[in-house]
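Chemist: Sharing a structure here in structure tokens format.
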Amino acid sequence: MSTRWKRGFALKILYPFLMFLGSFMKGKKPSYQQFIIRLNNKLVRKESHKPGNLLLLLPHCLQIDECDVRLTYNIYNCKRCGRCEIKDLISLAEENHLKLFVATGGSLARRVITETKPDAVIAVACENDLSSGIADTYPLPILGITNQRPFGPCLNTRVDLSEVKDAILFFARS
């Protein structure tokens, strides 16, 4: 049984089943979503990829809420003040020649993927947006990184830059 087939089974059969179960089991849905993200990442890492066109997709909530510049349509409008991790993520994207976009949610993220037609994606988001986006865009190889939410959902979130670097290195070595 191929790894790609296993990933398809996990995303198209197991994931909907777990979301169905989660709707009856209060509080379980996020842990099921985390499980699917980890399983997907493990299976993507077992496959062979040579992406010439790699997309780094970020949630808008990584931007500090006090910033007066909106980055949703052009992340390169960032002033690079260093108050949030956007500056570092732009540098990573530039150093590695990646396409870089910020999305306000799952629908815009899916549209960016459709329009940019990447060979692979490194996506940062909450468990809900990440798990559903990974499932919706199968068979596209996506490495998902869940954001950290010290102030709650959708507000001044953070991402572990070492995880982003690791994902970039994985696709560079594949």
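By order in the structure tokens, chains are A, B, ...; within a chain, residues start at 1; ligands start at 1, following the order shown.
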Neighbouring residues of Glu66 of chain A were defined as those with any atom within 12 Å, considering only C-alpha atoms; residues of the same chain fewer than 2 positions away were excluded. Please report them as a PDB file with C-alpha atoms, in the first residue's frame.
Modeler:
ATOM      1  CA  CYS A  61      -3.376  36.424  13.096  1.00  0.00           C
ATOM      2  CA  LEU A  62       0.436  36.117  13.180  1.00  0.00           C
ATOM      3  CA  GLN A  63       0.493  39.873  12.633  1.00  0.00           C
ATOM      4  CA  ILE A  64       0.329  41.846  15.861  1.00  0.00           C
ATOM      5  CA  ASP A  68      -1.527  49.711  11.311  1.00  0.00           C
ATOM      6  CA  VAL A  69      -0.502  47.909   8.104  1.00  0.00           C
ATOM      7  CA  ARG A  70      -2.784  45.161   6.778  1.00  0.00           C
ATOM      8  CA  ARG A  83       7.151  43.107  16.851  1.00  0.00           C
ATOM      9  CA  CYS A  84       5.762  39.917  15.307  1.00  0.00           C
ATOM     10  CA  LEU A 155      -5.102  37.204  18.153  1.00  0.00           C
ATOM     11  CA  ASN A 156      -1.352  37.772  18.129  1.00  0.00           C
TER      12      ASN A 156
END
Chemist: Among chain A, which ones does DSSP assign to alpha helix (DSSP H) (computed from the backbone)? Answer as a PyMOL selection string.
Modeler: chain A and resi 3-9+15-22+29-46+86-95+106-116+127-136+161-173
Chemist: Generate the output file for the selected residues, C-alpha atoms, as a PDB file, in the first residue's frame.
Modeler:
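result-v8.pdb written:
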ATOM      1  CA  THR A   3       2.125   6.195   1.305  1.00  0.00           C
ATOM      2  CA  ARG A   4       0.067   8.490  -0.924  1.00  0.00           C
ATOM      3  CA  TRP A   5      -2.844   6.045  -0.744  1.00  0.00           C
ATOM      4  CA  LYS A   6      -2.526   5.976   3.067  1.00  0.00           C
ATOM      5  CA  ARG A   7      -2.559   9.768   3.161  1.00  0.00           C
ATOM      6  CA  GLY A   8      -5.663   9.806   0.956  1.00  0.00           C
ATOM      7  CA  PHE A   9      -7.391   7.313   3.251  1.00  0.00           C
ATOM      8  CA  TYR A  15     -10.670  12.688   8.967  1.00  0.00           C
ATOM      9  CA  PRO A  16     -14.415  13.054   8.192  1.00  0.00           C
ATOM     10  CA  PHE A  17     -15.147  10.114  10.490  1.00  0.00           C
ATOM     11  CA  LEU A  18     -13.177  11.699  13.346  1.00  0.00           C
ATOM     12  CA  MET A  19     -14.909  15.054  12.794  1.00  0.00           C
ATOM     13  CA  PHE A  20     -18.253  13.240  12.939  1.00  0.00           C
ATOM     14  CA  LEU A  21     -17.211  11.564  16.204  1.00  0.00           C
ATOM     15  CA  GLY A  22     -15.895  14.855  17.530  1.00  0.00           C
ATOM     16  CA  LYS A  29     -12.400  17.632  17.984  1.00  0.00           C
ATOM     17  CA  PRO A  30      -9.147  19.658  18.434  1.00  0.00           C
ATOM     18  CA  SER A  31      -7.207  16.559  19.498  1.00  0.00           C
ATOM     19  CA  TYR A  32      -8.558  14.651  16.476  1.00  0.00           C
ATOM     20  CA  GLN A  33      -7.543  17.547  14.227  1.00  0.00           C
ATOM     21  CA  GLN A  34      -4.041  17.550  15.743  1.00  0.00           C
ATOM     22  CA  PHE A  35      -3.827  13.805  15.160  1.00  0.00           C
ATOM     23  CA  ILE A  36      -4.732  14.208  11.473  1.00  0.00           C
ATOM     24  CA  ILE A  37      -2.182  17.016  11.014  1.00  0.00           C
ATOM     25  CA  ARG A  38       0.594  14.935  12.619  1.00  0.00           C
ATOM     26  CA  LEU A  39      -0.375  11.843  10.604  1.00  0.00           C
ATOM     27  CA  ASN A  40      -0.455  13.831   7.362  1.00  0.00           C
ATOM     28  CA  ASN A  41       2.951  15.385   8.093  1.00  0.00           C
ATOM     29  CA  LYS A  42       4.441  11.979   8.839  1.00  0.00           C
ATOM     30  CA  LEU A  43       3.064  10.517   5.600  1.00  0.00           C
ATOM     31  CA  VAL A  44       4.124  13.534   3.490  1.00  0.00           C
ATOM     32  CA  ARG A  45       7.659  13.147   4.879  1.00  0.00           C
ATOM     33  CA  LYS A  46       7.708   9.499   3.722  1.00  0.00           C
ATOM     34  CA  ILE A  86       6.203  38.221   9.966  1.00  0.00           C
ATOM     35  CA  LYS A  87       9.585  39.909   9.437  1.00  0.00           C
ATOM     36  CA  ASP A  88      11.419  36.600  10.026  1.00  0.00           C
ATOM     37  CA  LEU A  89       8.993  34.667   7.839  1.00  0.00           C
ATOM     38  CA  ILE A  90       9.465  37.134   4.975  1.00  0.00           C
ATOM     39  CA  SER A  91      13.237  36.711   5.307  1.00  0.00           C
ATOM     40  CA  LEU A  92      12.886  32.905   5.249  1.00  0.00           C
ATOM     41  CA  ALA A  93      10.713  33.082   2.146  1.00  0.00           C
ATOM     42  CA  GLU A  94      13.123  35.428   0.368  1.00  0.00           C
ATOM     43  CA  GLU A  95      16.204  33.362   1.280  1.00  0.00           C
ATOM     44  CA  GLY A 106      -9.636  28.738   5.075  1.00  0.00           C
ATOM     45  CA  SER A 107     -11.555  30.025   2.050  1.00  0.00           C
ATOM     46  CA  LEU A 108      -8.899  32.566   1.096  1.00  0.00           C
ATOM     47  CA  ALA A 109      -6.154  30.007   1.752  1.00  0.00           C
ATOM     48  CA  ARG A 110      -7.801  27.552  -0.652  1.00  0.00           C
ATOM     49  CA  ARG A 111      -8.134  30.317  -3.261  1.00  0.00           C
ATOM     50  CA  VAL A 112      -4.446  31.217  -2.923  1.00  0.00           C
ATOM     51  CA  ILE A 113      -3.529  27.558  -3.458  1.00  0.00           C
ATOM     52  CA  THR A 114      -5.814  27.326  -6.498  1.00  0.00           C
ATOM     53  CA  GLU A 115      -4.416  30.503  -8.040  1.00  0.00           C
ATOM     54  CA  THR A 116      -0.702  29.948  -7.311  1.00  0.00           C
ATOM     55  CA  GLU A 127      -5.963  23.043  13.964  1.00  0.00           C
ATOM     56  CA  ASN A 128      -9.395  23.649  12.459  1.00  0.00           C
ATOM     57  CA  ASP A 129      -8.258  25.583   9.367  1.00  0.00           C
ATOM     58  CA  LEU A 130      -5.158  23.452   8.919  1.00  0.00           C
ATOM     59  CA  SER A 131      -6.806  20.028   9.118  1.00  0.00           C
ATOM     60  CA  SER A 132      -9.695  20.957   6.846  1.00  0.00           C
ATOM     61  CA  GLY A 133      -7.397  22.705   4.358  1.00  0.00           C
ATOM     62  CA  ILE A 134      -5.048  19.730   4.184  1.00  0.00           C
ATOM     63  CA  ALA A 135      -7.990  17.399   3.559  1.00  0.00           C
ATOM     64  CA  ASP A 136      -9.593  19.692   0.969  1.00  0.00           C
ATOM     65  CA  LEU A 161      10.268  29.349  13.307  1.00  0.00           C
ATOM     66  CA  SER A 162      12.408  26.214  13.694  1.00  0.00           C
ATOM     67  CA  GLU A 163       9.436  24.122  12.523  1.00  0.00           C
ATOM     68  CA  VAL A 164       9.045  26.342   9.456  1.00  0.00           C
ATOM     69  CA  LYS A 165      12.790  26.074   8.710  1.00  0.00           C
ATOM     70  CA  ASP A 166      12.622  22.293   9.136  1.00  0.00           C
ATOM     71  CA  ALA A 167       9.719  22.048   6.680  1.00  0.00           C
ATOM     72  CA  ILE A 168      11.605  24.186   4.139  1.00  0.00           C
ATOM     73  CA  LEU A 169      14.684  21.981   4.513  1.00  0.00           C
ATOM     74  CA  PHE A 170      12.569  18.850   4.059  1.00  0.00           C
ATOM     75  CA  PHE A 171      11.222  20.036   0.707  1.00  0.00           C
ATOM     76  CA  ALA A 172      14.668  21.311  -0.333  1.00  0.00           C
ATOM     77  CA  ARG A 173      16.210  17.865   0.352  1.00  0.00           C
TER      78      ARG A 173
END
Chemist: Please provide the set of residues having any atom within 6 Å of Ser174 of chain A, restricted to only C-alpha atoms, with same-chain residues fewer than 3 positions apart removed, written as a list in words.
Modeler: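 Counting only C-alpha atoms, the residues come to Ser48, His49, Lys50 and Phe171 of chain A.
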Chemist: Those residues with N, CA and C atoms, as a CSV table (one decimal), in the first residue's frame please?
Modeler:
chain,number,residue,atom,x,y,z
A,48,SER,N,8.3,11.1,-1.7
A,48,SER,CA,9.3,11.8,-2.4
A,48,SER,C,8.7,13.0,-3.1
A,49,HIS,N,9.3,14.2,-2.9
A,49,HIS,CA,8.8,15.4,-3.5
A,49,HIS,C,10.0,16.2,-4.0
A,50,LYS,N,9.8,16.8,-5.1
A,50,LYS,CA,10.8,17.8,-5.7
A,50,LYS,C,10.0,19.0,-6.1
A,171,PHE,N,11.6,19.9,2.1
A,171,PHE,CA,11.2,20.0,0.7
A,171,PHE,C,12.4,20.3,-0.1
Chemist: Using only C-alpha atoms, which protein or nucleic acid residues come within 9 Å of Tyr73 of chain A? Drop anything in the same chain fewer than 2 positions from it, and give the result as a list in words.
Modeler: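 Using only C-alpha atoms, the neighbours found are Arg70, Leu71, Ile75, Asn77, Phe101, Val102 and Ala103 of chain A.
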Chemist: Can you list, as JSON, numbers by chain, every residue of segment 28-130 of chain A that DSSP puts in strand (DSSP E)?
Modeler: {"A": [54, 55, 56, 57, 58, 59, 99, 100, 101, 102, 103, 120, 121, 122, 123, 124, 125]}
Chemist: Show which residues sit within 9 Å of Asp119 of chain A, as a list in words. Count only C-alpha atoms, and ignore same-chain residues fewer than 5 positions away.
Modeler: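 Selected residues are His49, Lys50, Pro51, Gly52, Asn53, Leu54, Leu55, Leu140 and Pro141 of chain A.
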Chemist: So that I have them on file, write out the residues from the current selection with C-alpha atoms, as a short mmCIF file (atom, residue, chain, number, x, y, z; two decimals), in the first residue's frame.
Modeler:
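The resulting file, part06.cif, is shown below:
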data_model
loop_
_atom_site.label_atom_id
_atom_site.label_comp_id
_atom_site.auth_asym_id
_atom_site.auth_seq_id
_atom_site.Cartn_x
_atom_site.Cartn_y
_atom_site.Cartn_z
CA HIS A 49 8.81 15.40 -3.48
CA LYS A 50 10.78 17.78 -5.68
CA PRO A 51 8.76 20.97 -5.48
CA GLY A 52 10.01 23.67 -7.79
CA ASN A 53 7.18 25.91 -6.68
CA LEU A 54 6.83 25.96 -2.88
CA LEU A 55 4.23 28.09 -1.09
CA LEU A 140 -1.17 18.28 -2.78
CA PRO A 141 1.64 17.64 -0.29
#
Chemist: Measuring between only C-alpha atoms, which one of A:Leu11, A:Met25, A:Met1, A:Leu98 shows the shortest distance to Pro118 of chain A?
Modeler: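 Result for the nearest residue to Pro118 of chain A: A:Leu98.
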